[in-house]
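> This is the structure I have questions about; it appears just below.
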Amino acid sequence: MVENNTEWLPHLSSEIVSDVHGNLLDAYAVALEGWQRGLKLRWHVKDSEKFREMETWFVDNPGQLFSLTSAGGTHYFFRTRGDKISNEAVYIGKDKNKTKQILSENGIPIPEGAFFSETQSNSDIHRYASSIGFPVVVKSLDGSFGRGILTNIQDENELEYALIYVRGELKYKNVIVEHHIPGNEYRIYVVGNKVVGAINRIPANVIGDGANSIETLIKNKNKKRMENPRLKSCPINITKELEIQIDKLNYDLNSVPKTGEKVFLSEKSNISLGGDPVDVLDDLPLEIMNTAVGAIQAIPGLVHGAVDLILSEQHPTQYGDGVVLEVNPTAQIGSLLYPIKGKGRDIPAKIIDYYFPETKGKGKASNLYFNLSEVLSPLADRIAAVTEVNSVEPTGLYVRKITVFEGESNSGSHYFIKQEALKNNLFGFTKIHESGATEIVIASHNKQSLDNFRRNIIESNSIQSHIKEEVVNDAVQLGFFLDGDKTQLINELTKVKEELRKVKKKKQASQKQYQKMLGSRVWRATRPLRNFTSLIRKLAR
Amino acid sequence: MEINDVNWLPHLENAVPVTGFGKKLSMYTIALEGWRRGLKLKFYTIDNPENKLKVRYSLSNGDREHRFESSKGDKTTELAYEICDNKYLTKEYLSKANVPTPDGKRFTEETEDEEIINYANTLGFPLVLKPTNANGGKGVFSDIHSIESFKDALSYVRYELEYMEVIVEAYVAGNEYRVVVVDNKVVGALNRVPAHVAGNGKDTIRQLIRNKNRMRRSNPHLKSRNIKIDKPVIELLTANGYTLDSVPREGEEISLRLTSNLSTGGDSVDLTDVLSPELREVAIDGTKAIPGLTVSGMDMIVDDENNSGVIIEANTRPGLGGHLFPVQGEPRDIPKDIIDFYFPETKDIKRSSLYFDFNSILEPLQNRTAEAVEVTPLPEGEIYAKNYIVSGKIRNVGYKVWIKRQALLRRMHGFTEELEDGNISVVVAGTNEEEINEFKNVCLEGNPKAEVSGVIEKPWDKPVKIGFEINKKLSSEEISQIELDNEQMGKELYFYKKRYGQIKSSRFWRSTAPFRFVIDKGKNFIRSLRKA
């Protein structure tokens with residue numbers, strides 16, 4: 001695979017977000033950016049303060065609602081969407097027909113199509129589809145998360161089936177029928193009047209190396225996706241659909257594609273179905289940028305958000321500047337931060353610049369982060385309504401690693417280390433190696449504090465032994481954590497439990513496989529023969 | 001004196017989490033009182049030069065916010081704090097207002113020892129020597145009877161403890177009282193009694209001490225302040241003709257120590273009701289004498305015979321634990337008086353029976369991850385609670401997690417836990433009585449994986465913690481059990497994998513591949529025929 005030219009944002013390394021659950025990634029990335037700039041960061045439960053008035057959804061679990069405060073005031077955020085976006089804009093974004101109507105009024109290219117309410121019959125729709133020409137798309141008006149969307153409908157028959165499914169079975173009576181436009185799919189993020197990130201979504205694929213089977217290539221690719229904070233929850237799954245797709249290309253899972261050959265495993269470009277996000281910001285044609293910015297500006301009260309559009313190869317005259325499929329005021333930005341190829345784009349920084357222009361450029365050197373689950377824990381049980389993260393100075397961080405060899409690593413000396421660290425306002429952690437050496441990583445905005453700590457540790461009676469000191473660039477979590485601490489033990493226990501669950505599953509699977517094999521007719525039938533062979537072997541010895 | 005069990009104020013019983021015991025009692029109980037009246041409560045940490053963890057809290061009614069440090073709120077001024085912090089200034093202000101305080105004089109750093117010794121001689125013995133600015137009884141020498149002991153004490157305080165500034169004052173004999181004044185009213189008076197036990201005619205002194213310590217452990221205020229059997233205890237017993245194995249007569253009081261500190265086993269005895277009007281006046285006048293002092297703990301030496309008292313110290317943050325949980329006498333609800341004083345408009349509000357967990361709130365502050373945590377506001381309206389005991393195949397199928405989600409979705413509070421008999425207990429509380437009753441059906445329904453066979457409904461009248469928790473009792477045995485299980489499971493996995501690998505690569509398996517292929521094809525063929 002040649003996809004090694006990836007460059008993620010250093011201050012959002014996979015280590016920093018390793019504890020952040022998939023759907024909290026968006027909120028965490030924006031909140032962290034504000035916090036690192038020295039803003040006051042508070043996490044809220046549902047309906048707390050201004051969130052009572054803001055349009056939000058699925059917020060029973062904390063980690064999606066937060067506020068940032070500077071001397072100038074407070075702004076409230078739901079995931080990536082801040083309070084400068086009006087509720088009206090959110091309603092429009094949810095209503096696909098309204099979006100189309102407003103975009104079209106503002107001269108933004110959209111797929112040609114029409115809205116059909118529940119009073120209109122299927123034959124009305126058939127008539128309309130023939131008039132604009134196949135292929136078409138049928139979209140339910142109210143379905144979300146891709147539910148009730150059927151694309152690439154080729155003829156009357158398929159259309160009839162689609163209508164029965166969407167209007168009948170799913171009971172989405174209100175539908176939109178529009179041109180199906182094949183082409184490159186883009187997700188573009190716009191802040192104000194600027195495009196700040198763009199990815200091309202490519203359907204799930206593998207690239208041959210002349211040696212491995214498609215199955216192995218998929219496995220390898222999934223391994224790589226596991227390392228990606230956005231894609232780790234979206235592996236390429238081997239499904240019936242996938243096998244049908246490669247069958248169309250005259251392949252099966254055991255085929256070995258040629259070196260460099262790209263094999264598409266799906267027609268759909270959804271990231272969640274194994275699609276690849278590829279950063280294309282630097283090569284984005286000007287017309288596309290203008291279309292995306294135009295789409296955002298067309299929606300009243302929408303000042304930042306994502307635009308999904310298609311650049312069609314087949315309709316250069318009608319859709320040459322890109323055609324807008326959707327406008328999303330509460331967009332996910334994970335794939336823009338962690339593309340599979342290209343650069344991660346700092347959307348959180350652009351959003352914070354927009355809300356707090358006075359903090360522009362601050363806090364960039366900070367490799368300090370905070371433990372999200374710990375901050376959210378009083379909210380998760382609803383004991384607290386708001387937690388405020390300990391604020392930090394938006395200046396650079398000095399990080400040192402001190403390794404103490406042969407020191408007594410009893411808990412007493414470790415508590416002394418923690419005490420000294422907290423006294424000097426340091427962040428960091430300790431780690432005990434099997435050899436008995438203790439690694440202390442400490443960080444501070446103030447070099448003097450680091451020196452104080454070092455002096456006290458060396459002078460103290462508990463550590464008189466050999467010490468090594470290095471300047472490192474590790475990311476450091478807020479707080480000071482001792483190896484073997486209670487919280488750490490609990491975390492480890494949770495991990496062990498999770499591991500146990502996985503092992504159990506695997507065991508069951510292997511057991512089944514084993515039983516199946518033992519039970520197979522051939523294995524049973526050949527037993528006498530096998531016994532005979534082993535007898536011969538024994539005799540030969 | 002008899003040992004009674006802890007005498008709880010009814011509204012605090014089962015409503016003070018262990019994290020709020022000991023030194024944090026004042027903070028927790030005042031915060032709880034305000035929160036239970038519907039005030040907005042926030043805990044936060046403050047920056048300080050030594051970077052120590054300093055937790056403060058604030059209460060707000062929407063218009064007005066008051067900030068507190070333990071029992072000291074922001075109506076007590078910085079000046080009042082400075083006066084009380086300096087024993088000499090305290091004396092000055094008290095004398096100026098004609099509030100009785102022992103005769104005495106302060107000596108600054110520059111004063112020669114000789115001058116101090118001369119003063120001591122003119123003042124006459126017995127007398128007291130103490131540093132001006134030390135806390136917690138440090139360097140205080142009372143009842144000095146001779147010039148020789150005075151000289152020793154002086155050099156110890158000035159040159160070893162390095163408190164150069166000292167006070168010399170007349171020693172007043174009597175009982176030491178702690179009197180708490182809130183808003184010009186005496187709301188509590190305590191006397192501290194040195195460690196002792198009372199005989200019952202059966203148990204040895206050793207056993208009596210053990211009994212008393214058991215009682216102390218259940219007292220939130222004395223929890224970690226046991227009577228230790230150490231040298232001074234044994235010496236005193238010996239001096240009085242006892243051993244640890246003596247069996248005192250019924251009602252006989254055995255002194256164990258001379259010092260009355262609670263931390264070494266002393267008892268707090270509530271005397272609020274017997275404090276004479278004259279003594280009350282001294283405490284109130286003393287508080288008034290110090291400008292900006294609103295809530296105070298006055299330390300007085302009381303001469304019971306003559307019904308007179310002198311003030312020896314004034315405190316801005318009196319600890320409330322001894323008043324809330326006295327070993328003898330009535331508990332005093334001083335948190336109520338303090339909140340009445342700060343938020344008089346909430347005086348008539350009926351306090352809620354809910355309370356909040358303290359540990360979950362302090363933890364992010366202690367780890368320095370969070371700077372402030374706002375406690376979930378008190379739900380408006382009367383609280384109804386029910387306890388449902390659920391039976392069936394409900395363990396290890398995600399039942400409790402599901403119940404928690406259902407409760408939180410309905411904005412209910414409470415908890416769920418596994419009972420020893422395998423049933424699961426669910427306690428829910430909320431403002432909607434109907435919903436609380438209907439939750440029985442929710443328990444009965446359960447998540448798809450659970451098979452509930454029955455639900456028993458019980459009343460619940462204990463206080464309920466806000467939020468919803470799954471009570472886990474994770475013992476170290478459990479932890480090691482899980483680790484062991486994991487290891488065992490890993491071994492089995494390895495076995496099956498190996499076996500599987502062996503079979504797959506065995507000659508027979510490989511050599512019979514063509515057969516199996518044919519058989520599979522044949523099976524498929526037969527299947528297709530059947531379908532057709």
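Ligands are numbered from 1 in the order shown, chains are lettered A, B, ... in the order of the structure tokens, and residues start at 1 in each chain.
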What residues in chain A lie within 8 Å of chain B, counting only C-alpha atoms, written as a PDB file with C-alpha atoms, in the first residue's frame?

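The result, written out as iface.pdb:
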ATOM      1  CA  ASP A  60     -28.490  11.849  27.462  1.00  0.00           C
ATOM      2  CA  PHE A 370      -7.177  16.238  29.891  1.00  0.00           C
ATOM      3  CA  ASN A 371      -8.854  12.963  30.702  1.00  0.00           C
ATOM      4  CA  GLU A 374     -12.728  11.653  34.409  1.00  0.00           C
ATOM      5  CA  VAL A 375     -14.163  15.102  33.810  1.00  0.00           C
ATOM      6  CA  SER A 377     -17.797  11.024  35.455  1.00  0.00           C
ATOM      7  CA  PRO A 378     -19.846  13.207  37.872  1.00  0.00           C
ATOM      8  CA  ASP A 381     -24.320   9.619  37.009  1.00  0.00           C
ATOM      9  CA  ARG A 382     -26.106  13.006  37.037  1.00  0.00           C
ATOM     10  CA  ILE A 383     -24.561  13.917  40.352  1.00  0.00           C
ATOM     11  CA  ALA A 384     -23.285  17.142  38.878  1.00  0.00           C
ATOM     12  CA  ALA A 385     -24.789  19.418  36.250  1.00  0.00           C
ATOM     13  CA  VAL A 386     -21.590  21.132  35.193  1.00  0.00           C
ATOM     14  CA  THR A 387     -17.888  20.372  35.540  1.00  0.00           C
ATOM     15  CA  GLU A 388     -15.243  22.927  34.842  1.00  0.00           C
ATOM     16  CA  VAL A 389     -11.902  21.672  33.549  1.00  0.00           C
ATOM     17  CA  ASN A 390      -8.889  23.037  35.361  1.00  0.00           C
ATOM     18  CA  SER A 391      -7.767  25.895  33.149  1.00  0.00           C
ATOM     19  CA  LEU A 422       1.522  18.853  42.813  1.00  0.00           C
ATOM     20  CA  LYS A 423       3.332  21.336  45.025  1.00  0.00           C
ATOM     21  CA  ASN A 424       5.236  22.617  42.010  1.00  0.00           C
ATOM     22  CA  ASN A 425       2.120  22.625  39.854  1.00  0.00           C
ATOM     23  CA  LEU A 478      -3.707  17.230  33.158  1.00  0.00           C
ATOM     24  CA  GLY A 479      -3.088  16.054  36.697  1.00  0.00           C
ATOM     25  CA  PHE A 480      -0.408  13.811  38.113  1.00  0.00           C
ATOM     26  CA  LEU A 493      -9.363  -3.782  35.595  1.00  0.00           C
ATOM     27  CA  VAL A 496      -8.755  -6.740  31.663  1.00  0.00           C
ATOM     28  CA  LYS A 497     -12.516  -7.337  31.815  1.00  0.00           C
ATOM     29  CA  GLU A 499     -10.066  -8.431  27.197  1.00  0.00           C
ATOM     30  CA  LEU A 500     -11.732 -11.318  28.978  1.00  0.00           C
ATOM     31  CA  VAL A 503     -11.126 -13.876  24.667  1.00  0.00           C
ATOM     32  CA  LYS A 504     -14.374 -15.587  25.667  1.00  0.00           C
ATOM     33  CA  LYS A 506     -12.817 -15.977  20.442  1.00  0.00           C
ATOM     34  CA  LYS A 507     -12.763 -19.128  22.503  1.00  0.00           C
ATOM     35  CA  SER A 510     -12.614 -21.645  17.972  1.00  0.00           C
ATOM     36  CA  GLN A 511     -14.468 -24.189  20.034  1.00  0.00           C
ATOM     37  CA  GLN A 513     -14.839 -24.568  14.645  1.00  0.00           C
ATOM     38  CA  TYR A 514     -13.092 -27.387  16.450  1.00  0.00           C
ATOM     39  CA  VAL A 522     -14.609 -37.345   6.872  1.00  0.00           C
ATOM     40  CA  TRP A 523     -12.742 -36.770  10.113  1.00  0.00           C
ATOM     41  CA  THR A 526     -10.887 -41.672   8.722  1.00  0.00           C
ATOM     42  CA  ARG A 530      -5.377 -42.354  11.589  1.00  0.00           C
TER      43      ARG A 530
END
> Could you please write out, as a count of residues only, every residue of region 120-218 of chain B that DSSP assigns to alpha helix (DSSP H)?
26
> Nearest to Cys234 (chain A) among A:Asn456, A:Asn367, A:Ser373, A:Asn222, with distances taken over only C-alpha atoms: which residue is it?
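Ranking A:Asn456, A:Asn367, A:Ser373, A:Asn222 by distance to Cys234 (chain A), first place goes to A:Asn222.
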> I'd like the interatomic distance between CA of Ala114 (chain A) and CA of Val175 (chain A), to a tenth of an Å.
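It comes out at 8.6 Å.
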> Would you mind reading off the distance between CA of Val397 (chain B) and CA of Asn423 (chain B), one decimal, in Å?
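These atoms are spaced 13.2 Å apart.
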> List the spatial neighbours of region 287-290 of chain B as an NGL selection string - criterion: any atom at most 9 Å away, only C-alpha atoms, same-chain residues fewer than 5 positions off excluded.
:B and (79-80 or 83-84 or 90 or 93-99 or 181 or 184 or 282 or 295-298 or 314)
> Store the residues picked out above, limited to N, CA and C atoms, as a JSON list (two decimals), in the first residue's frame.

[["chain", "number", "residue", "atom", "x", "y", "z"],
["B", 79, "LEU", "N", -10.82, 41.33, 57.70],
["B", 79, "LEU", "CA", -10.30, 41.96, 58.93],
["B", 79, "LEU", "C", -10.60, 41.07, 60.14],
["B", 80, "ALA", "N", -11.83, 40.58, 60.21],
["B", 80, "ALA", "CA", -12.21, 39.71, 61.32],
["B", 80, "ALA", "C", -11.29, 38.50, 61.37],
["B", 83, "ILE", "N", -7.92, 39.51, 62.78],
["B", 83, "ILE", "CA", -7.96, 39.74, 64.23],
["B", 83, "ILE", "C", -7.96, 38.39, 64.97],
["B", 84, "CYS", "N", -8.80, 37.47, 64.51],
["B", 84, "CYS", "CA", -8.90, 36.19, 65.21],
["B", 84, "CYS", "C", -7.63, 35.35, 65.05],
["B", 90, "THR", "N", -6.89, 39.85, 69.11],
["B", 90, "THR", "CA", -8.16, 39.39, 69.67],
["B", 90, "THR", "C", -8.35, 39.97, 71.07],
["B", 93, "TYR", "N", -9.08, 43.77, 71.03],
["B", 93, "TYR", "CA", -10.46, 44.12, 70.66],
["B", 93, "TYR", "C", -11.44, 43.73, 71.76],
["B", 94, "LEU", "N", -11.20, 42.59, 72.40],
["B", 94, "LEU", "CA", -12.09, 42.14, 73.47],
["B", 94, "LEU", "C", -12.02, 43.10, 74.65],
["B", 95, "SER", "N", -10.78, 43.45, 75.05],
["B", 95, "SER", "CA", -10.62, 44.35, 76.21],
["B", 95, "SER", "C", -11.28, 45.69, 75.93],
["B", 96, "LYS", "N", -11.06, 46.19, 74.70],
["B", 96, "LYS", "CA", -11.62, 47.50, 74.34],
["B", 96, "LYS", "C", -13.14, 47.50, 74.54],
["B", 97, "ALA", "N", -13.76, 46.35, 74.29],
["B", 97, "ALA", "CA", -15.22, 46.26, 74.40],
["B", 97, "ALA", "C", -15.65, 45.77, 75.78],
["B", 98, "ASN", "N", -14.68, 45.71, 76.68],
["B", 98, "ASN", "CA", -14.97, 45.25, 78.05],
["B", 98, "ASN", "C", -15.48, 43.81, 78.12],
["B", 99, "VAL", "N", -15.04, 43.01, 77.22],
["B", 99, "VAL", "CA", -15.38, 41.59, 77.28],
["B", 99, "VAL", "C", -14.28, 40.90, 78.08],
["B", 181, "VAL", "N", -21.49, 31.09, 67.94],
["B", 181, "VAL", "CA", -22.45, 32.18, 67.84],
["B", 181, "VAL", "C", -22.74, 32.42, 66.36],
["B", 184, "ASN", "N", -25.48, 36.70, 66.21],
["B", 184, "ASN", "CA", -25.72, 37.18, 67.58],
["B", 184, "ASN", "C", -26.59, 36.26, 68.43],
["B", 282, "VAL", "N", -21.48, 36.76, 77.32],
["B", 282, "VAL", "CA", -20.03, 36.94, 77.11],
["B", 282, "VAL", "C", -19.66, 36.51, 75.69],
["B", 295, "VAL", "N", -20.05, 34.57, 62.16],
["B", 295, "VAL", "CA", -20.21, 33.22, 62.68],
["B", 295, "VAL", "C", -18.91, 32.94, 63.43],
["B", 296, "SER", "N", -19.01, 32.60, 64.71],
["B", 296, "SER", "CA", -17.76, 32.45, 65.45],
["B", 296, "SER", "C", -17.80, 31.24, 66.38],
["B", 297, "GLY", "N", -16.60, 30.77, 66.70],
["B", 297, "GLY", "CA", -16.44, 29.74, 67.72],
["B", 297, "GLY", "C", -15.59, 30.35, 68.81],
["B", 298, "MET", "N", -16.22, 30.69, 69.94],
["B", 298, "MET", "CA", -15.49, 31.34, 71.01],
["B", 298, "MET", "C", -15.01, 30.28, 72.00],
["B", 314, "ALA", "N", -10.83, 33.37, 69.69],
["B", 314, "ALA", "CA", -12.01, 33.46, 68.82],
["B", 314, "ALA", "C", -11.66, 32.81, 67.48]]
> Nearest to Leu444 (chain B): which of B:Ile389, B:Leu39, B:Val269, B:Leu279 is it, counting only C-alpha atoms?
B:Ile389
> Can you tell me, as a VMD selection string, what residues are no more than 12 Å from Leu419 (chain B) when counting only C-alpha atoms, ignoring any on the same chain fewer than 6 positions away?
chain B and resid 388 to 391 394 to 395 425 to 426 471 to 473
> Measure the distance from CA of Glu267 (chain A) to CA of Asn237 (chain A) in Å and round it to one decimal.
14.0 Å
> Write down as a ChimeraX atom specification the residues belonging to region 210-277 of chain B that are assigned strand (DSSP E or B) by DSSP computed on the backbone.
/B:253-255,267-270
> Based on the selection just made, write N, CA and C atoms of those residues as a PDB file, in the first residue's frame.

ATOM      1  N   GLU B 253     -16.269   5.954  86.893  1.00  0.00           N
ATOM      2  CA  GLU B 253     -15.641   6.595  85.749  1.00  0.00           C
ATOM      3  C   GLU B 253     -14.131   6.477  85.824  1.00  0.00           C
ATOM      4  N   ILE B 254     -13.523   5.985  84.771  1.00  0.00           N
ATOM      5  CA  ILE B 254     -12.073   5.780  84.748  1.00  0.00           C
ATOM      6  C   ILE B 254     -11.443   6.775  83.786  1.00  0.00           C
ATOM      7  N   SER B 255     -10.595   7.657  84.300  1.00  0.00           N
ATOM      8  CA  SER B 255      -9.897   8.617  83.439  1.00  0.00           C
ATOM      9  C   SER B 255      -8.765   7.910  82.716  1.00  0.00           C
ATOM     10  N   ASP B 267     -13.962  13.342  74.529  1.00  0.00           N
ATOM     11  CA  ASP B 267     -15.376  13.332  74.162  1.00  0.00           C
ATOM     12  C   ASP B 267     -15.904  14.761  74.072  1.00  0.00           C
ATOM     13  N   SER B 268     -16.839  14.971  73.149  1.00  0.00           N
ATOM     14  CA  SER B 268     -17.505  16.263  73.119  1.00  0.00           C
ATOM     15  C   SER B 268     -18.871  16.095  73.778  1.00  0.00           C
ATOM     16  N   VAL B 269     -19.171  17.032  74.669  1.00  0.00           N
ATOM     17  CA  VAL B 269     -20.420  16.959  75.423  1.00  0.00           C
ATOM     18  C   VAL B 269     -21.204  18.231  75.151  1.00  0.00           C
ATOM     19  N   ASP B 270     -22.405  18.091  74.654  1.00  0.00           N
ATOM     20  CA  ASP B 270     -23.200  19.277  74.347  1.00  0.00           C
ATOM     21  C   ASP B 270     -23.797  19.860  75.621  1.00  0.00           C
TER      22      ASP B 270
END
> Would you kindly return, as a list in words, each protein, DNA or RNA residue with an atom no farther than 12 Å from any atom of Gly342 (chain A), considering only C-alpha atoms and excluding same-chain residues fewer than 2 positions away?
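Skipping anything fewer than 2 positions along the chain leaves Val2, Glu3, Asn4, Asn5, Thr6, Glu7, Trp8, Leu9, Gly197, Ala198, Ile199, Asn200, Asp276, Pro277, Val278, Asp279, Val280, Leu281, Asp282, Asp283, Ser335, Leu336, Leu337, Tyr338, Pro339, Ile340, Gly344 and Arg345 of chain A.
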> What's around region 94-107 of chain A at 8 Å? Count only C-alpha atoms, leave out sequence neighbours fewer than 3 positions away in its own chain, and write the answer as a list in words.
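Listed by chain and then number, they are Val90, Tyr91, Ile110, Phe115, Leu141, Asp142, Ile176, Ala295, Ala298, Ile299, Glu326, Val327 and Asn328 of chain A.
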> Can those selected residues be exported to a file as a tab-separated table (two decimals), in the first residue's frame so that it contains C-alpha atoms?

chain	number	residue	atom	x	y	z
A	90	VAL	CA	-30.50	23.66	12.14
A	91	TYR	CA	-34.16	23.09	11.21
A	110	ILE	CA	-28.58	21.02	-6.74
A	115	PHE	CA	-40.81	16.79	-3.64
A	141	LEU	CA	-37.81	13.51	3.71
A	142	ASP	CA	-37.61	12.61	7.37
A	176	ILE	CA	-37.80	13.54	-2.88
A	295	ALA	CA	-24.28	26.86	0.04
A	298	ALA	CA	-27.39	30.69	1.48
A	299	ILE	CA	-28.83	29.21	4.68
A	326	GLU	CA	-26.63	18.12	1.80
A	327	VAL	CA	-25.72	20.93	4.18
A	328	ASN	CA	-24.89	19.90	7.74
> For Leu236 (chain B), find every residue with an atom within 7 Å (counting only C-alpha atoms), except residues of its own chain fewer than 4 positions away, and show them as number ranges by chain.
B: 232, 240, 256-257
> Keeping C-alpha atoms, export the residues of the selection given above as an mmCIF file, in the first residue's frame.

data_model
loop_
_atom_site.group_PDB
_atom_site.id
_atom_site.type_symbol
_atom_site.label_atom_id
_atom_site.label_comp_id
_atom_site.auth_asym_id
_atom_site.auth_seq_id
_atom_site.Cartn_x
_atom_site.Cartn_y
_atom_site.Cartn_z
ATOM 1 C CA PRO B 232 0.321 8.047 79.039
ATOM 2 C CA ASN B 240 -4.794 5.587 89.972
ATOM 3 C CA LEU B 256 -7.544 7.607 80.662
ATOM 4 C CA ARG B 257 -5.888 10.899 79.824
#
